[in-house]
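*Asks:* Contents of work-v9.txt (compact mmCIF, C-alpha atoms):
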# COMPACT_ATOMS: atom_id res chain seq x y z
CA MET R 1 -3.69 -30.68 -13.93
CA ARG R 2 -5.46 -27.31 -13.71
CA ASP R 3 -8.82 -26.63 -15.33
CA PRO R 4 -8.05 -25.13 -18.77
CA GLU R 5 -11.05 -22.79 -18.57
CA ILE R 6 -9.84 -21.39 -15.23
CA VAL R 7 -6.36 -20.91 -16.69
CA ARG R 8 -7.82 -19.06 -19.69
CA LEU R 9 -9.88 -16.73 -17.51
CA GLU R 10 -6.90 -16.21 -15.23
CA SER R 11 -4.62 -15.27 -18.12
CA GLU R 12 -7.16 -12.77 -19.48
CA THR R 13 -7.62 -11.32 -16.00
CA HIS R 14 -3.93 -10.70 -15.46
CA GLU R 15 -3.54 -9.21 -18.92
CA ALA R 16 -6.29 -6.75 -17.99
CA LEU R 17 -4.71 -6.03 -14.58
CA THR R 18 -1.37 -4.89 -16.02
CA PRO R 19 -2.33 -1.24 -16.71
CA TRP R 20 -3.90 -0.95 -13.24
CA ILE R 21 -0.66 -2.08 -11.63
CA GLU R 22 1.28 0.38 -13.80
CA GLU R 23 -1.06 3.14 -12.61
CA HIS R 24 -0.34 2.20 -8.97
CA LYS R 25 3.39 2.47 -9.67
CA GLU R 26 3.05 5.87 -11.35
CA ARG R 27 0.74 7.13 -8.59
CA GLY R 28 3.39 6.55 -5.94
CA ALA R 29 6.05 8.31 -8.01
CA VAL R 30 3.85 11.32 -8.82
CA GLU R 31 2.68 11.82 -5.24
CA GLY R 32 6.17 11.58 -3.78
CA SER R 33 5.73 8.33 -1.88
CA ARG R 34 8.85 6.58 -0.65
CA VAL R 35 7.19 3.34 -1.69
CA GLU R 36 8.43 1.80 -4.94
CA VAL R 37 5.77 -0.47 -6.44
CA THR R 38 6.90 -2.94 -9.09
CA ASP R 39 5.09 -5.57 -11.12
CA LEU R 40 6.09 -9.18 -10.51
CA GLY R 41 4.41 -10.21 -13.75
CA TYR R 42 1.97 -13.07 -14.18
CA ASP R 43 3.67 -16.28 -13.02
CA PRO R 44 1.10 -18.55 -11.30
CA ASP R 45 3.59 -21.37 -10.79
CA ARG R 46 5.96 -19.14 -8.84
CA TYR R 47 3.20 -17.03 -7.24
CA PRO R 48 0.17 -19.26 -6.48
CA ALA R 49 -1.76 -16.30 -5.03
CA GLN R 50 -2.21 -15.07 -8.61
CA ARG R 51 -4.46 -18.02 -9.44
CA LEU R 52 -8.22 -17.66 -9.69
CA ASP R 53 -8.69 -20.99 -7.93
CA VAL R 54 -6.60 -19.95 -4.90
CA ALA R 55 -8.88 -18.00 -2.59
CA LEU R 56 -6.65 -17.93 0.48
CA THR R 57 -2.99 -17.33 1.26
CA PRO R 58 -2.65 -18.43 4.90
CA VAL R 59 -0.50 -16.61 7.41
CA LYS R 60 3.00 -18.03 7.78
CA ARG R 61 2.70 -20.13 10.91
CA ARG R 62 6.44 -20.23 11.80
CA PRO R 63 6.05 -22.83 14.61
CA LEU R 64 9.80 -22.97 15.32
CA ILE R 65 10.10 -19.27 16.10
CA PRO R 66 9.34 -18.41 19.76
CA LYS R 67 6.33 -16.11 20.08
CA PRO R 68 8.25 -13.15 21.56
CA LEU R 69 10.70 -13.22 18.67
CA LEU R 70 7.92 -13.68 16.10
CA PHE R 71 6.01 -10.66 17.37
CA HIS R 72 9.22 -8.64 17.65
CA MET R 73 9.89 -9.36 13.97
CA MET R 74 6.37 -8.19 13.09
CA HIS R 75 6.79 -5.04 15.18
CA ARG R 76 10.08 -4.24 13.48
CA ALA R 77 8.60 -4.75 10.00
CA ILE R 78 5.63 -2.48 10.66
CA SER R 79 7.86 0.15 12.27
CA ARG R 80 10.13 0.13 9.24
CA ASN R 81 7.14 0.81 6.98
CA LEU R 82 5.48 3.38 9.25
CA GLY R 83 8.77 5.19 9.73
CA SER R 84 9.31 4.68 13.45
CA ALA R 85 8.78 2.24 16.32
CA ASP R 86 6.99 5.04 18.21
CA LYS R 87 4.16 5.02 15.64
CA THR R 88 3.77 1.26 15.98
CA ASP R 89 3.78 1.49 19.79
CA ALA R 90 1.20 4.29 19.68
CA MET R 91 -1.10 2.20 17.46
CA ILE R 92 -0.82 -0.83 19.76
CA LYS R 93 -1.45 1.37 22.81
CA THR R 94 -4.55 2.84 21.17
CA PHE R 95 -6.08 -0.61 20.59
CA ARG R 96 -5.20 -1.66 24.15
CA GLU R 97 -6.50 1.46 25.91
CA THR R 98 -9.50 2.66 23.87
CA LEU R 99 -12.86 1.41 25.14
CA ALA R 100 -14.59 -0.88 22.67
CA PHE R 101 -17.75 1.23 22.87
CA GLU R 102 -19.14 3.79 25.29
CA SER R 103 -20.87 1.40 27.71
CA SER R 104 -18.23 -1.34 27.53
CA PRO R 105 -16.00 -2.04 30.54
CA TYR R 106 -13.46 -3.51 28.12
CA THR R 107 -10.91 -2.05 25.77
CA ILE R 108 -10.88 -2.97 22.10
CA SER R 109 -8.17 -5.60 22.55
CA GLU R 110 -9.98 -7.11 25.57
CA GLU R 111 -13.31 -7.19 23.71
CA PHE R 112 -11.65 -8.83 20.70
CA HIS R 113 -9.99 -11.46 22.89
CA GLN R 114 -13.21 -12.46 24.60
CA ARG R 115 -15.36 -12.56 21.50
CA ILE R 116 -12.88 -14.48 19.35
CA GLU R 117 -12.36 -17.00 22.15
CA ALA R 118 -16.15 -17.39 22.16
CA GLY R 119 -16.05 -18.25 18.45
CA GLU R 120 -17.22 -14.92 17.05
CA THR R 121 -15.88 -13.36 13.85
CA LEU R 122 -15.16 -9.63 13.94
CA GLY R 123 -14.64 -7.25 11.04
CA VAL R 124 -12.16 -4.39 10.97
CA ILE R 125 -13.13 -1.77 8.38
CA SER R 126 -11.03 1.07 7.04
CA ASP R 127 -10.89 3.57 4.19
CA HIS R 128 -7.92 4.40 2.00
CA THR R 129 -7.40 8.08 2.85
CA ASP R 130 -4.02 8.40 1.09
CA ARG R 131 -3.98 7.67 -2.64
CA GLY R 132 -0.18 7.50 -2.66
CA ASP R 133 0.05 4.59 -0.21
CA LEU R 134 -2.72 2.00 0.10
CA ARG R 135 -1.18 -0.11 2.88
CA ASP R 136 -3.28 1.29 5.71
CA LEU R 137 -5.47 -1.81 6.15
CA ALA R 138 -2.32 -3.93 6.38
CA TYR R 139 -0.94 -1.68 9.12
CA ILE R 140 -4.24 -1.67 11.01
CA THR R 141 -4.73 -5.44 10.81
CA ALA R 142 -1.15 -6.17 11.83
CA GLY R 143 -1.43 -3.60 14.64
CA ILE R 144 -4.45 -5.38 16.07
CA VAL R 145 -2.58 -8.69 15.91
CA LEU R 146 0.28 -7.12 17.88
CA ALA R 147 -2.12 -5.60 20.40
CA LEU R 148 -3.80 -8.98 20.99
CA ASN R 149 -0.39 -10.63 21.25
CA THR R 150 -1.38 -14.29 20.81
CA ARG R 151 -0.14 -16.72 18.23
CA LYS R 152 -3.59 -18.33 17.99
CA ILE R 153 -5.40 -15.12 17.08
CA ARG R 154 -2.64 -14.20 14.61
CA GLU R 155 -3.47 -17.43 12.79
CA GLN R 156 -7.18 -16.50 12.86
CA THR R 157 -6.67 -13.04 11.33
CA PHE R 158 -7.25 -12.28 7.64
CA ALA R 159 -7.73 -9.37 5.25
CA LEU R 160 -9.71 -9.10 2.02
CA VAL R 161 -7.23 -8.04 -0.68
CA GLY R 162 -7.66 -7.34 -4.40
CA LEU R 163 -6.11 -9.86 -6.78
CA ASN R 164 -4.06 -7.09 -8.40
CA ILE R 165 -1.95 -6.97 -5.23
CA SER R 166 -0.78 -10.54 -5.92
CA ARG R 167 1.25 -9.03 -8.76
CA GLN R 168 2.86 -6.30 -6.70
CA ALA R 169 6.17 -5.95 -4.93
CA ILE R 170 7.00 -3.07 -2.62
CA ASN R 171 10.65 -2.07 -2.50
CA ASP R 172 11.56 -5.37 -4.20
CA GLN R 173 9.64 -7.65 -1.82
CA SER R 174 6.42 -9.39 -2.79
CA VAL R 175 3.42 -7.83 -1.04
CA VAL R 176 2.05 -11.34 -0.44
CA ASP R 177 5.28 -12.34 1.26
CA LYS R 178 5.28 -9.23 3.46
CA ALA R 179 1.61 -9.32 4.43
CA SER R 180 1.43 -13.05 5.18
CA ASP R 181 4.03 -12.55 7.90
CA ALA R 182 1.21 -10.96 9.92
CA PHE R 183 -2.14 -12.31 8.66
CA GLY R 184 -3.82 -14.46 6.05
CA ILE R 185 -5.03 -13.00 2.73
CA ILE R 186 -8.45 -13.65 1.18
CA TRP R 187 -8.30 -12.86 -2.54
CA VAL R 188 -11.12 -10.92 -4.23
CA ILE R 189 -11.68 -8.97 -7.42
CA GLN R 190 -13.06 -5.61 -6.34
CA ASP R 191 -16.41 -4.21 -7.43
CA THR R 192 -15.01 -0.71 -7.99
CA ASP R 193 -15.01 1.79 -10.84
CA SER R 194 -11.27 1.36 -11.37
CA ARG R 195 -11.70 -2.40 -11.70
CA LYS R 196 -14.78 -2.09 -13.93
CA ALA R 197 -12.77 0.07 -16.32
CA LEU R 198 -10.63 -3.00 -17.06
CA SER R 199 -11.59 -5.82 -19.41
CA ILE R 200 -11.63 -8.51 -16.71
CA PRO R 201 -14.07 -11.30 -17.64
CA GLU R 202 -17.13 -11.34 -15.39
CA GLU R 203 -16.73 -15.11 -15.08
CA ALA R 204 -13.32 -14.48 -13.50
CA VAL R 205 -14.83 -11.98 -11.03
CA SER R 206 -17.47 -14.52 -10.03
CA GLN R 207 -14.90 -17.32 -9.70
CA ALA R 208 -12.65 -15.29 -7.41
CA ASN R 209 -15.39 -13.83 -5.24
CA ARG R 210 -17.25 -17.12 -4.78
CA GLY R 211 -13.99 -18.57 -3.49
CA ALA R 212 -13.54 -15.64 -1.12
CA LEU R 213 -17.06 -16.06 0.26
CA ARG R 214 -16.41 -19.75 0.92
CA VAL R 215 -13.30 -18.79 2.90
CA VAL R 216 -15.24 -16.17 4.90
CA ASN R 217 -17.91 -18.73 5.77
CA LYS R 218 -15.22 -21.19 6.84
CA ILE R 219 -13.63 -18.60 9.11
CA ARG R 220 -17.02 -17.95 10.71
CA GLU R 221 -17.17 -21.57 11.83
CA ARG R 222 -14.39 -21.05 14.39
CA GLY R 223 -14.11 -17.27 14.74
CA GLY R 224 -11.47 -14.74 13.85
CA ILE R 225 -10.78 -11.29 12.44
CA ILE R 226 -11.37 -10.11 8.87
CA GLY R 227 -10.00 -6.76 7.70
CA VAL R 228 -11.87 -4.99 4.90
CA VAL R 229 -11.35 -1.72 3.00
CA ALA R 230 -14.94 -0.51 2.88
CA ALA R 231 -14.99 0.82 -0.68
CA GLY R 232 -12.15 -1.37 -1.99
CA SER R 233 -10.52 1.74 -3.42
CA ALA R 234 -8.90 5.02 -2.41
CA MET R 235 -11.00 8.00 -1.43
CA ASP R 236 -11.43 10.66 -4.10
CA ALA R 237 -9.96 14.07 -3.31
CA ILE R 238 -12.39 16.68 -4.58
CA LYS R 239 -12.55 20.47 -4.56
CA THR R 240 -15.69 22.37 -3.65
CA ASP R 241 -16.53 26.04 -3.20
CA ASP R 242 -16.18 25.35 0.54
CA GLY R 243 -12.72 23.80 0.22
CA PRO R 244 -11.21 20.34 -0.29
CA ARG R 245 -13.06 17.20 0.74
CA LEU R 246 -12.64 13.44 0.53
CA ARG R 247 -15.28 11.18 -0.97
CA ARG R 248 -15.60 7.50 -0.19
CA PRO R 249 -16.45 5.59 -3.39
CA GLU R 250 -19.59 3.48 -3.28
CA VAL R 251 -19.40 0.43 -1.02
CA SER R 252 -20.39 -2.59 -3.13
CA SER R 253 -23.33 -4.83 -2.28
CA GLY R 254 -20.89 -7.75 -2.10
CA THR R 255 -18.83 -6.03 0.59
CA ILE R 256 -21.96 -5.12 2.54
CA GLY R 257 -23.05 -8.75 2.26
CA ILE R 258 -19.80 -9.97 3.79
CA LEU R 259 -19.86 -7.38 6.59
CA ARG R 260 -23.44 -8.35 7.46
CA ARG R 261 -22.28 -11.92 8.13
CA LEU R 262 -19.92 -10.83 10.91
CA ASP R 263 -20.64 -10.68 14.65
CA GLY R 264 -19.16 -7.24 15.18
CA LEU R 265 -17.48 -4.40 13.30
CA LEU R 266 -14.68 -2.07 14.36
CA PRO R 267 -14.23 1.05 12.20
CA VAL R 268 -10.63 2.26 12.22
CA GLY R 269 -9.62 5.55 10.64
CA MET R 270 -5.99 5.97 9.65
CA ALA R 271 -4.01 8.91 8.27
CA SER R 272 -0.27 9.60 8.30
CA GLY R 273 0.38 6.52 10.44
CA VAL R 274 -2.09 7.51 13.18
CA VAL R 275 -5.17 5.40 13.96
CA LEU R 276 -8.52 6.39 15.43
CA PRO R 277 -10.63 3.29 16.17
CA GLY R 278 -14.16 2.67 17.34
CA PRO R 279 -16.72 2.46 18.50
CA MET R 280 -17.32 -1.24 17.96
CA HIS R 281 -20.73 -2.24 16.63
CA ILE R 282 -21.95 -5.61 17.94
CA ALA R 283 -24.70 -7.62 16.25
CA GLN R 284 -27.64 -8.49 18.48
CA LYS R 285 -28.55 -12.12 19.02
CA GLY R 286 -31.97 -13.76 19.27
CA LEU R 287 -33.67 -11.74 16.53
CA SER R 288 -36.08 -13.20 14.02
CA HIS R 289 -34.73 -13.78 10.53
CA ARG R 290 -36.41 -10.66 9.16
CA GLU R 291 -35.33 -8.51 12.13
CA ASP R 292 -31.78 -9.83 11.82
CA ILE R 293 -31.51 -8.86 8.14
CA THR R 294 -32.61 -5.28 8.85
CA HIS R 295 -30.53 -4.99 12.02
CA ARG R 296 -27.31 -6.18 10.43
CA ARG R 297 -27.63 -3.90 7.41
CA THR R 298 -28.17 -0.92 9.69
CA LEU R 299 -25.22 -2.00 11.83
CA VAL R 300 -22.95 -1.98 8.75
CA PHE R 301 -23.98 1.53 7.75
CA ASP R 302 -23.68 2.82 11.33
CA ALA R 303 -20.11 1.51 11.38
CA LEU R 304 -19.40 3.12 8.00
CA TYR R 305 -20.71 6.43 9.36
CA ASP R 306 -18.36 6.24 12.34
CA LEU R 307 -15.48 5.31 10.03
CA ALA R 308 -16.11 8.47 8.01
CA GLN R 309 -16.20 10.55 11.19
CA ASN R 310 -12.92 9.05 12.37
CA ASN R 311 -11.26 9.87 9.08
CA ALA R 312 -12.66 13.41 9.08
CA ASP R 313 -11.19 13.95 12.55
CA LEU R 314 -7.81 12.55 11.50
CA THR R 315 -7.46 14.33 8.15
CA GLY R 316 -9.17 17.57 9.10
CA LEU R 317 -11.27 17.26 5.93
CA PRO R 318 -15.02 16.72 5.49
CA ILE R 319 -15.84 13.20 4.29
CA ILE R 320 -18.63 12.55 1.79
CA PHE R 321 -20.27 9.13 1.52
CA ASP R 322 -23.61 7.43 0.82
CA ASP R 323 -25.88 6.41 3.69
CA GLU R 324 -28.11 3.32 3.93
CA GLN R 325 -30.76 4.91 1.68
CA GLY R 326 -28.19 5.96 -0.90
CA ASN R 327 -28.33 9.63 0.09
CA GLU R 328 -25.12 11.65 0.02
CA VAL R 329 -23.97 12.59 3.53
CA THR R 330 -21.09 14.77 4.67
CA VAL R 331 -19.44 14.55 8.07
CA PHE R 332 -17.17 17.30 9.31
CA PRO R 333 -14.14 17.21 11.62
CA GLN R 334 -15.22 17.55 15.22
CA ALA R 335 -13.68 20.38 17.21
Give the structure from the file, written as structure tokens.
*Replies:*
Amino acid sequence: MRDPEIVRLESETHEALTPWIEEHKERGAVEGSRVEVTDLGYDPDRYPAQRLDVALTPVKRRPLIPKPLLFHMMHRAISRNLGSADKTDAMIKTFRETLAFESSPYTISEEFHQRIEAGETLGVISDHTDRGDLRDLAYITAGIVLALNTRKIREQTFALVGLNISRQAINDQSVVDKASDAFGIIWVIQDTDSRKALSIPEEAVSQANRGALRVVNKIRERGGIIGVVAAGSAMDAIKTDDGPRLRRPEVSSGTIGILRRLDGLLPVGMASGVVLPGPMHIAQKGLSHREDITHRRTLVFDALYDLAQNNADLTGLPIIFDDEQGNEVTVFPQA
């Protein structure tokens, strides 16, 4: 028997989410996306991920499917969504051939392998650069799983996803069903302006996000990968006297708090199916408690800076964002 108070909050939350999901559907149609977003409706018995007391949807383990076939199925699914197998292969190649950071002798995939085997938890951060299609983090996270090419790490890979996505289907298939073929999903209610415009009870936000934090802390006990959209929302396209620019919405204190808990961060820009990752930012060990707090916060904002630079280089547009002191910064595409 479920807690009646949780059920009440959950029902109010999903009632408030409905116009947001409708806006996602209209956005895709207006901007010419080939993606058809539909609303599954609120049905927590059929779709447990919609519940406030379900913080995690684990990856489908599929123990009876041989690993080569399992990863081939993942590759085919991503290729279908990206538009070609060549794009998927290029993304995998990038993760396997790009150095983790300038002084590292290892590529990103090699660095990830070693650190996860050592029990570390690594974050992969991205921005939504395309308002018409917000699946970039899913592509990036699944691409890293394919690049690492181990069943064990696949089962240790997760992404933070907004609860509104539990209601969505893309081209008639549940997003939860599609995504959990590649990685686990940690459910959150975003601290964004678009979410705050909805009448979601604050108690529901706290319930969902406390559950997500417990899952993150559990993952940290054995190591893994956690994918995060930095701002939890799409970048804003703005016009200035100097031309068009993209602005990253404010990154919430809750997201910064989660990123600070991780042992390393990999910023990955993505636009039009092309990724630009790195450099990795690795947390130092052996610091005092006070030094560690300052160091990890700076590490998060350094990674967010590099993420903005990657996206500027990919989109050809200046990216505006807030630095560690809250000052507005603009990075420009590098020649």
*Asks:* Got a sec: who's within 6 Å of stretch 145-152 of chain R, counting only C-alpha atoms, leaving out chain neighbours fewer than 3 positions off, as an MDAnalysis selection string?
*Replies:* chainID R and resid 92 109 142 155
*Asks:* Go through R:Asp86, R:Glu36, R:Asp263, R:Asp313 one by one, measure the shortest atom-to-atom distance of each to R:Val300 using all atoms listed in the file, and give the residue with the smallest value.
*Replies:*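 Under the stated criterion, the closest residue is R:Asp263.
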*Asks:* Using only C-alpha atoms, which residues sit within 10 Å of R:Ser174 once same-chain residues fewer than 2 positions away are excluded, as a list of chain:residue names?
*Replies:* R:Val37, R:Thr38, R:Asp39, R:Leu40, R:Tyr47, R:Ile165, R:Ser166, R:Arg167, R:Gln168, R:Ala169, R:Ile170, R:Asn171, R:Asp172, R:Val176, R:Asp177, R:Lys178, R:Ala179
*Asks:* Given all atoms listed in the file as the basis, pick out the residue of R:Pro244, R:Ala212, R:Ser11, R:Arg296 nearest to R:Phe332.
*Replies:*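 Nearest to R:Phe332: R:Pro244.
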*Asks:* Excluding same-chain residues fewer than 5 positions from R:Trp20, what lies within 12 Å of it counting only C-alpha atoms, as a PyMOL selection string?
*Replies:* chain R and resi 13-15+25-27+37-39+162-165+167-168+193-200
*Asks:* Find the distance between atom CA of R:Asp236 and atom CA of R:Glu328 and write it in Å to one decimal.
*Replies:*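 That distance, rounded to one decimal, is 14.3 Å.
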*Asks:* Which stretch 149-172 of chain R residues have any atom within 9 Å of an atom of stretch 116-126 of chain R, and for each, what is the nearest pair of atoms with distance in Å to one decimal, counting all atoms listed in the file, rows sorted by chain and number, as a tab-separated table?
*Replies:*
residue	atom	partner	partner_atom	distance
R:Ile153	CA	R:Ile116	CA	7.8
R:Gln156	CA	R:Ile116	CA	8.9
R:Ala159	CA	R:Val124	CA	8.8
*Asks:* Return the single residue from R:Pro277, R:Gly227, R:Gly264, R:Gly316 that is closest to R:Glu97, with distances computed using only C-alpha atoms.
*Replies:*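 Once distances to R:Glu97 are computed over only C-alpha atoms, the minimum belongs to R:Pro277.
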*Asks:* Dig up all the protein and nucleic acid residues within 7 Å of (-5.7, 9.0, 1.8) in the file frame, using all atoms listed in the file, and format them as a compact mmCIF listing (two decimals) with C-alpha atoms, keeping the file's coordinate frame.
*Replies:*
# COMPACT_ATOMS: atom_id res chain seq x y z
CA HIS R 128 -7.92 4.40 2.00
CA THR R 129 -7.40 8.08 2.85
CA ASP R 130 -4.02 8.40 1.09
CA ARG R 131 -3.98 7.67 -2.64
CA ALA R 234 -8.90 5.02 -2.41
CA MET R 235 -11.00 8.00 -1.43
CA ALA R 271 -4.01 8.91 8.27
*Asks:* Using Å and a single decimal, report how far atom CA of R:Leu262 sits from atom CA of R:Arg214.
*Replies:*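 Separation of atom CA of R:Arg214 and atom CA of R:Leu262: 13.8 Å.
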*Asks:* Enclose the full set of atoms of stretch 266-272 of chain R listed in the file within a box whose edges lie along x, y and z, apply 3 Å of padding to each of the six sides, and report centre and edge lengths in Å to one decimal as AutoDock Vina command-line options.
*Replies:*
--center_x -7.5 --center_y 3.8 --center_z 11.3 --size_x 20.4 --size_y 17.7 --size_z 12.1
*Asks:* Stretch 206-209 of chain R: which residues within 8 Å, counting all atoms listed in the file, same-chain residues fewer than 2 positions away excluded, as a list in words?
*Replies:*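 These residues fall inside the cut-off: Leu52, Asp53, Ala55, Trp187, Val188, Ile189, Glu202, Glu203, Ala204, Gly211, Ala212 and Leu213 of chain R.
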*Asks:* Name all residues at most 8 Å from stretch 246-255 of chain R (count only C-alpha atoms; drop same-chain ones fewer than 5 positions away) and give them as a list of chain:residue names.
*Replies:*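 Near neighbours after the sequence-gap exclusion: R:Asp127, R:Thr129, R:Asp191, R:Thr192, R:Ala230, R:Ala231, R:Gly232, R:Ser233, R:Ala234, R:Met235, R:Asp236, R:Ala237, R:Ile238, R:Leu317, R:Pro318, R:Ile319, R:Ile320, R:Phe321, R:Asp322.
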*Asks:* Select, counting only C-alpha atoms, all protein, DNA and RNA residues no farther than 8 Å from (-20.3, 13.7, 12.9) in file coordinates, and express the selection as a list in words.
*Replies:*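 Counting only C-alpha atoms, I find these residues within 8 Å of (-20.3, 13.7, 12.9): Asp306, Gln309, Val331, Phe332, Pro333 and Gln334 of chain R.
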*Asks:* Nearest residue to R:Val268 out of R:Asp241, R:Asp136, R:Asp43, R:Asp89, using all atoms listed in the file?
*Replies:*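 Closest to R:Val268, using all atoms listed in the file: R:Asp136.
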*Asks:* Rounded to one decimal place, report the atom CA of R:Pro4-atom CA of R:Ile185 distance in Å.
*Replies:*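 Separating atom CA of R:Pro4 from atom CA of R:Ile185 is a distance of 24.9 Å.
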*Asks:* Check the smallest atom-to-atom distance from each of R:Leu137, R:Ala312, R:Ile258, R:Val274 to R:Val215 using all atoms listed in the file, then report the winner.
*Replies:*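 Among the listed residues, R:Ile258 lies closest to R:Val215.
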*Asks:* In terms of the shortest atom-to-atom distance over all atoms listed in the file, which of R:Glu102, R:Met74, R:Leu64, R:Arg210 is closest to R:Pro279?
*Replies:*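 The answer is R:Glu102, which sits nearest to R:Pro279.
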